[in-house]
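Visitor: I have a structure I would like to understand better, so I am pasting it below and will then ask my questions one at a time.
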Amino acid sequence: FYLLEYKLVKLTDIHLHSSVSNELEVNGNYRNVYSLGIIAFLVLLIAFINYLNLATSRSVERAHEVGIRKVSGALKKDLIFQFLTESVVLNLIALIVSFSGVFLLFPFFKQVMQSPLQIDYLTIILLFFILLVSGTLFTGFLSAIYISQFAPSLVLKGKITTGSGWIFRLKNYLVVFQFTISVILIIGTITIYLQVNFMRHHELGFNPEGLTVLDGPRILRADSYESYMNNLESFKNEIRTLSMVSNITSSSSVPGTEIKNSRVFGIPVAGRNTEKKIEMYYVDNQFFDAYGLLLIAGNNFGATIREESNNIIINESALPYFGFVDVESTVGDILRSGKQMVTVKGIVNDFNQQSLKELPRPIGFINQPANTYYTIKAEMTDISKLISELEKIWISHYPGNPFHYFFLDDFYNKQYRAEQRFSGLFLASSLLAIIIACLGLSGLSVYSITQRTREIGIRKANGAGISQVMVLLNKDFVIWVAVAFIIACPIAWFAMNKWLQNFAYKTELSWWIFALAGIIAMIIALLTVSWQSWRAATKNPSDTLRYE
């Protein structure tokens, strides 16, 4: 007795949210989409923070303007309106440029993603206004409030009120926040690259090198089982005569595809139904040799298919699945499928039928003729000659059928195409975020050094060396990056650990990944600010003391 349960899935949810078997094509991953969306938001947030930091840092330069306008009768609300208007214009120009870039680069993005993406103009318009309003408020409102509070009597005397010291502390916090995001993205980029590389080079349990797979014929002109078998064997024998070919096998599936065949088997137990569904391969007796699979117990199928009709070979994962104790004692045991009894003739090693996102599943192998795929093991020294000869033999045996082939190693690695794209987009987004953070840090360093110009001149006049001045100027930035690294590490560990849980086989989150990310962030920050520090440290003290 079997219970069949049907579930409805919304058509638009299939691509990202469906994970059932026998999909028409490889689905997308909604986690990747959400992750890239979060990164885009963080990049935008970093840009907003840069503007806010630079606007408040350079507010002194506009202090006299504010003082004169207040003396001339401008109210606080008038000043706030002025700065908000400037922010609106700046954000509007930035949005027009960015959205124009999106439309121009959209065809290239579609090509890179290999996806028939379409622009929803209603969503674009809505997003445009949301970003305009939120960007204006985030970048303009705080700086407008801060600048409009300057007292004109003090400003016009060259003095700036210090009562708003919280704005400078906020500036430091925002720099730490920027580099926290940057360090998290660096750790994420390294981890994703390592995971993709790990999956592509991990031991699969079979050897995909040198295997060329032909899609089997869909039009057969055999009028009997004997003629079908004769044509099948004739085709394989003619392929074997090629000098570059060492083996050929036919099978119902190949690694890298979803196994579409299944049967129900169980250990015979009186009065109890132990049958379970298991995925099935239908193969000839050359399959295991061609793929480099190892029979760890028992024997391979013989040359005569009819004599093997009641035998089955199972993989290691099928042993605990059916309740078998060990490898050696399982050979010769019986499995029942309805009224049919089959004998376990051998045990083959586990291999990864599909990507390393999941562990090997129980698989059974039956020795039955199959022509879904022909796998040819050959030397790849002259691929064009091999393909040409294969096509000639194909046309002579299966006229009217299209000749389609693929190389198994490339075909298998296509399963990681989505992860590779995600890795590339994550890297590009991370680089963009780091560049924007560095631009903001560079602007802040210029302002900070400008404010300390006279101090630098006095220190140099008193004998301070270039290195001492550079350490003085870079010290605060180094501290900010160090604090950001401490905050970022546990957040990045949690996020990447959750992401790695999507894979059955995964790389380790080693300590050196975090250390490398911290070193990279520190080097980037130092390179960003050191040029300005060096220029200030090497300036002639006499010129510096005449500054202002």
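By order of appearance in the structure tokens: chains A, B, ..., then residues from 1 within every chain, and ligands from 1 in the order shown.
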With DSSP run on the backbone, what are the strand (DSSP E) residues within range 312-537 of chain A? I'd like them as a ChimeraX atom specification.
Guide: /A:312-315,334-337,340-348,363-367,373-378,405-407
Visitor: When you count only C-alpha atoms, which of these residues is closest to Ser243 in chain A: A:Thr381, A:Ala437, A:Phe141, A:Gly205?
Guide: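 Distance minimum relative to Ser243 in chain A lands on A:Thr381.
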Visitor: What's the 12 Å shell around Trp499 in chain A, counting only C-alpha atoms, without same-chain residues fewer than 3 positions away, as a PDB file with C-alpha atoms, in the first residue's frame?
Guide:
```
ATOM      1  CA  ASN A  29      18.560  29.395  -5.762  1.00  0.00           C
ATOM      2  CA  ARG A  31      19.212  32.205  -1.203  1.00  0.00           C
ATOM      3  CA  ASN A  32      21.695  33.465  -3.790  1.00  0.00           C
ATOM      4  CA  SER A  35      22.263  37.340  -0.702  1.00  0.00           C
ATOM      5  CA  GLY A 188      32.557  35.711   2.165  1.00  0.00           C
ATOM      6  CA  THR A 191      34.944  31.239   1.446  1.00  0.00           C
ATOM      7  CA  ILE A 192      32.713  31.041  -1.642  1.00  0.00           C
ATOM      8  CA  GLN A 195      33.917  26.091  -1.737  1.00  0.00           C
ATOM      9  CA  LYS A 357      25.539  19.434  -2.437  1.00  0.00           C
ATOM     10  CA  GLU A 419      27.722  28.729  -7.709  1.00  0.00           C
ATOM     11  CA  ALA A 492      30.999  36.422   8.929  1.00  0.00           C
ATOM     12  CA  TRP A 493      31.542  33.048  10.616  1.00  0.00           C
ATOM     13  CA  PHE A 494      27.823  32.706  11.351  1.00  0.00           C
ATOM     14  CA  ALA A 495      26.743  33.797   7.845  1.00  0.00           C
ATOM     15  CA  MET A 496      29.215  31.613   5.932  1.00  0.00           C
ATOM     16  CA  ASN A 502      23.691  23.844   1.847  1.00  0.00           C
ATOM     17  CA  PHE A 503      26.487  21.450   0.828  1.00  0.00           C
ATOM     18  CA  ALA A 504      27.043  17.872   1.951  1.00  0.00           C
ATOM     19  CA  LYS A 506      32.189  21.577   2.219  1.00  0.00           C
ATOM     20  CA  THR A 507      35.442  23.344   2.839  1.00  0.00           C
ATOM     21  CA  LEU A 509      36.110  27.804   7.780  1.00  0.00           C
TER      22      LEU A 509
END
```
Visitor: With distances taken over only C-alpha atoms, which of A:Pro360, A:Gly465, A:Pro116, A:Gly518 is nearest to Ile186 in chain A?
Guide: A:Gly518
Visitor: Tell me which protein, DNA and RNA residues are within 10 Å of range 226-240 of chain A, counting only C-alpha atoms, leaving out same-chain ones fewer than 3 positions away, and put them as a list in words.
Guide: Leu220, Arg221, Ala222, Asp223, Ser243, Met244, Val245, Ser246, Asn247, Ile248, Thr249, Ser250, Pro369, Ala370, Asn371, Tyr374, Ile376, Lys377, Ala378, Glu389, Leu390, Ile393, Trp394, Ser396, His397 and Tyr398 of chain A
Visitor: With distances taken over only C-alpha atoms, which residue among A:Phe206, A:Phe403, A:Phe265, A:Phe128 lies nearest Asp289 in chain A?
Guide: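 Under the stated criterion, the closest residue is A:Phe206.
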Visitor: As a PyMOL selection string, please: the residues near Ile96 in chain A (cut-off 12 Å, only C-alpha atoms, same-chain neighbours under 3 positions excluded).
Guide: chain A and resi 89-93+99-103+124-125+128-129+131-132
Visitor: Counting only C-alpha atoms, what is within 6 Å of Ile313 in chain A, bar same-chain residues fewer than 3 positions away, as a PyMOL selection string?
Guide: chain A and resi 344-347+364-365
Visitor: Output as a list in words all residues of range 316-400 of chain A that backbone DSSP marks as alpha helix (DSSP H).
Guide: Ala318, Leu319, Pro320, Tyr321, Phe322, Val327, Glu328, Ser329, Thr330, Ile383, Ser384, Lys385, Leu386, Ile387, Ser388, Glu389, Leu390, Glu391, Lys392, Ile393, Trp394, Ile395, Ser396 and His397 of chain A
Visitor: How about saving the chosen residues, N, CA, C and O atoms kept, as a short mmCIF file (atom, residue, chain, number, x, y, z; two decimals), in the first residue's frame?
Guide:
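Wrote again_33.cif, looks like this:
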```
data_model
loop_
_atom_site.label_atom_id
_atom_site.label_comp_id
_atom_site.auth_asym_id
_atom_site.auth_seq_id
_atom_site.Cartn_x
_atom_site.Cartn_y
_atom_site.Cartn_z
N ALA A 318 23.59 1.72 -0.33
CA ALA A 318 22.41 0.85 -0.29
C ALA A 318 22.48 -0.17 0.84
O ALA A 318 21.45 -0.74 1.22
N LEU A 319 23.67 -0.40 1.38
CA LEU A 319 23.81 -1.41 2.46
C LEU A 319 23.01 -1.02 3.70
O LEU A 319 22.12 -1.76 4.13
N PRO A 320 23.29 0.14 4.33
CA PRO A 320 22.48 0.52 5.50
C PRO A 320 21.04 0.84 5.13
O PRO A 320 20.15 0.70 5.96
N TYR A 321 20.82 1.25 3.89
CA TYR A 321 19.47 1.60 3.44
C TYR A 321 18.54 0.39 3.52
O TYR A 321 17.38 0.49 3.94
N PHE A 322 19.07 -0.79 3.13
CA PHE A 322 18.27 -2.02 3.18
C PHE A 322 18.49 -2.82 4.45
O PHE A 322 17.82 -3.83 4.68
N VAL A 327 29.84 -5.60 3.94
CA VAL A 327 30.01 -5.74 2.50
C VAL A 327 30.09 -7.21 2.09
O VAL A 327 29.34 -7.67 1.21
N GLU A 328 31.00 -7.95 2.70
CA GLU A 328 31.26 -9.32 2.26
C GLU A 328 30.05 -10.22 2.42
O GLU A 328 29.71 -11.00 1.53
N SER A 329 29.37 -10.12 3.55
CA SER A 329 28.23 -11.02 3.80
C SER A 329 27.01 -10.67 2.96
O SER A 329 26.09 -11.48 2.82
N THR A 330 26.99 -9.47 2.38
CA THR A 330 25.82 -9.06 1.58
C THR A 330 25.80 -9.75 0.22
O THR A 330 24.73 -9.99 -0.34
N ILE A 383 40.93 15.59 -30.50
CA ILE A 383 39.49 15.51 -30.25
C ILE A 383 38.70 15.65 -31.54
O ILE A 383 37.71 14.93 -31.76
N SER A 384 39.10 16.56 -32.42
CA SER A 384 38.35 16.76 -33.67
C SER A 384 38.32 15.50 -34.52
O SER A 384 37.29 15.17 -35.11
N LYS A 385 39.44 14.78 -34.57
CA LYS A 385 39.48 13.52 -35.34
C LYS A 385 38.58 12.47 -34.69
O LYS A 385 37.84 11.75 -35.38
N LEU A 386 38.62 12.39 -33.35
CA LEU A 386 37.77 11.43 -32.63
C LEU A 386 36.30 11.69 -32.90
O LEU A 386 35.55 10.76 -33.24
N ILE A 387 35.88 12.93 -32.78
CA ILE A 387 34.47 13.28 -32.98
C ILE A 387 34.05 12.99 -34.42
O ILE A 387 32.95 12.49 -34.67
N SER A 388 34.92 13.29 -35.38
CA SER A 388 34.60 13.05 -36.78
C SER A 388 34.37 11.56 -37.05
O SER A 388 33.41 11.18 -37.74
N GLU A 389 35.23 10.72 -36.50
CA GLU A 389 35.09 9.27 -36.70
C GLU A 389 33.86 8.73 -35.99
O GLU A 389 33.16 7.85 -36.51
N LEU A 390 33.58 9.25 -34.80
CA LEU A 390 32.38 8.82 -34.08
C LEU A 390 31.12 9.19 -34.87
O LEU A 390 30.16 8.40 -34.94
N GLU A 391 31.11 10.36 -35.45
CA GLU A 391 29.93 10.80 -36.20
C GLU A 391 29.69 9.91 -37.42
O GLU A 391 28.54 9.60 -37.76
N LYS A 392 30.75 9.50 -38.11
CA LYS A 392 30.60 8.62 -39.28
C LYS A 392 29.95 7.29 -38.88
O LYS A 392 29.04 6.80 -39.55
N ILE A 393 30.45 6.71 -37.79
CA ILE A 393 29.89 5.44 -37.32
C ILE A 393 28.44 5.63 -36.88
O ILE A 393 27.57 4.78 -37.12
N TRP A 394 28.17 6.75 -36.21
CA TRP A 394 26.81 7.06 -35.75
C TRP A 394 25.83 7.11 -36.93
O TRP A 394 24.76 6.50 -36.89
N ILE A 395 26.19 7.84 -37.94
CA ILE A 395 25.30 8.01 -39.10
C ILE A 395 25.03 6.68 -39.78
O ILE A 395 23.91 6.41 -40.24
N SER A 396 26.04 5.81 -39.83
CA SER A 396 25.85 4.51 -40.49
C SER A 396 24.92 3.58 -39.70
O SER A 396 24.24 2.74 -40.30
N HIS A 397 24.87 3.73 -38.38
CA HIS A 397 24.03 2.85 -37.56
C HIS A 397 22.69 3.47 -37.17
O HIS A 397 21.70 2.76 -36.99
#
```
Visitor: Using only C-alpha atoms, find the one residue out of A:Arg421, A:Lys475, A:Lys171, A:Lys10 that sits nearest to Leu36 in chain A.
Guide: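 Of A:Arg421, A:Lys475, A:Lys171, A:Lys10, the one nearest Leu36 in chain A is A:Arg421, counting only C-alpha atoms.
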Visitor: Could you tell me how far CA of Asp215 in chain A sits from CA of Asp350 in chain A, in Å to one decimal place?
Guide: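 So the two atoms, CA of Asp350 in chain A and CA of Asp215 in chain A, lie 24.6 Å apart.
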Visitor: Quick one: residues within 9 Å of Val33 in chain A, only C-alpha atoms, excluding same-chain residues fewer than 4 positions away - as a ChimeraX atom specification?
Guide: /A:16,28-29,37-38,422
Visitor: Could you write out the selected residues, including all heavy atoms, as an mmCIF file, in the first residue's frame?
Guide:
```cif
data_model
loop_
_atom_site.group_PDB
_atom_site.id
_atom_site.type_symbol
_atom_site.label_atom_id
_atom_site.label_comp_id
_atom_site.auth_asym_id
_atom_site.auth_seq_id
_atom_site.Cartn_x
_atom_site.Cartn_y
_atom_site.Cartn_z
ATOM 1 N N LEU A 16 12.805 29.259 -8.426
ATOM 2 C CA LEU A 16 13.618 29.548 -7.245
ATOM 3 C C LEU A 16 13.301 28.671 -6.045
ATOM 4 O O LEU A 16 14.164 28.458 -5.195
ATOM 5 C CB LEU A 16 13.457 31.020 -6.838
ATOM 6 C CG LEU A 16 14.064 32.067 -7.770
ATOM 7 C CD1 LEU A 16 13.794 33.459 -7.235
ATOM 8 C CD2 LEU A 16 15.560 31.855 -7.937
ATOM 9 N N GLY A 28 17.017 27.797 -10.091
ATOM 10 C CA GLY A 28 17.827 28.805 -9.428
ATOM 11 C C GLY A 28 17.793 28.602 -7.923
ATOM 12 O O GLY A 28 17.173 27.663 -7.413
ATOM 13 N N ASN A 29 18.467 29.490 -7.218
ATOM 14 C CA ASN A 29 18.560 29.395 -5.762
ATOM 15 C C ASN A 29 18.134 30.734 -5.162
ATOM 16 O O ASN A 29 18.808 31.755 -5.365
ATOM 17 C CB ASN A 29 19.992 29.048 -5.349
ATOM 18 C CG ASN A 29 20.111 28.714 -3.867
ATOM 19 O OD1 ASN A 29 19.368 29.249 -3.038
ATOM 20 N ND2 ASN A 29 21.022 27.834 -3.537
ATOM 21 N N GLY A 37 20.969 40.617 -3.165
ATOM 22 C CA GLY A 37 20.154 41.777 -2.826
ATOM 23 C C GLY A 37 20.657 42.465 -1.567
ATOM 24 O O GLY A 37 20.726 43.703 -1.492
ATOM 25 N N ILE A 38 21.042 41.673 -0.568
ATOM 26 C CA ILE A 38 21.581 42.234 0.678
ATOM 27 C C ILE A 38 22.897 42.946 0.412
ATOM 28 O O ILE A 38 23.159 44.040 0.934
ATOM 29 C CB ILE A 38 21.762 41.120 1.730
ATOM 30 C CG1 ILE A 38 20.392 40.597 2.188
ATOM 31 C CG2 ILE A 38 22.561 41.627 2.928
ATOM 32 C CD1 ILE A 38 20.468 39.366 3.060
ATOM 33 N N PHE A 422 27.462 32.985 -8.911
ATOM 34 C CA PHE A 422 27.263 33.648 -7.617
ATOM 35 C C PHE A 422 28.596 34.109 -7.058
ATOM 36 O O PHE A 422 28.708 35.221 -6.526
ATOM 37 C CB PHE A 422 26.593 32.670 -6.645
ATOM 38 C CG PHE A 422 26.377 33.233 -5.261
ATOM 39 C CD1 PHE A 422 25.519 34.295 -5.051
ATOM 40 C CD2 PHE A 422 27.047 32.692 -4.177
ATOM 41 C CE1 PHE A 422 25.321 34.811 -3.786
ATOM 42 C CE2 PHE A 422 26.857 33.194 -2.906
ATOM 43 C CZ PHE A 422 25.989 34.258 -2.714
#
```
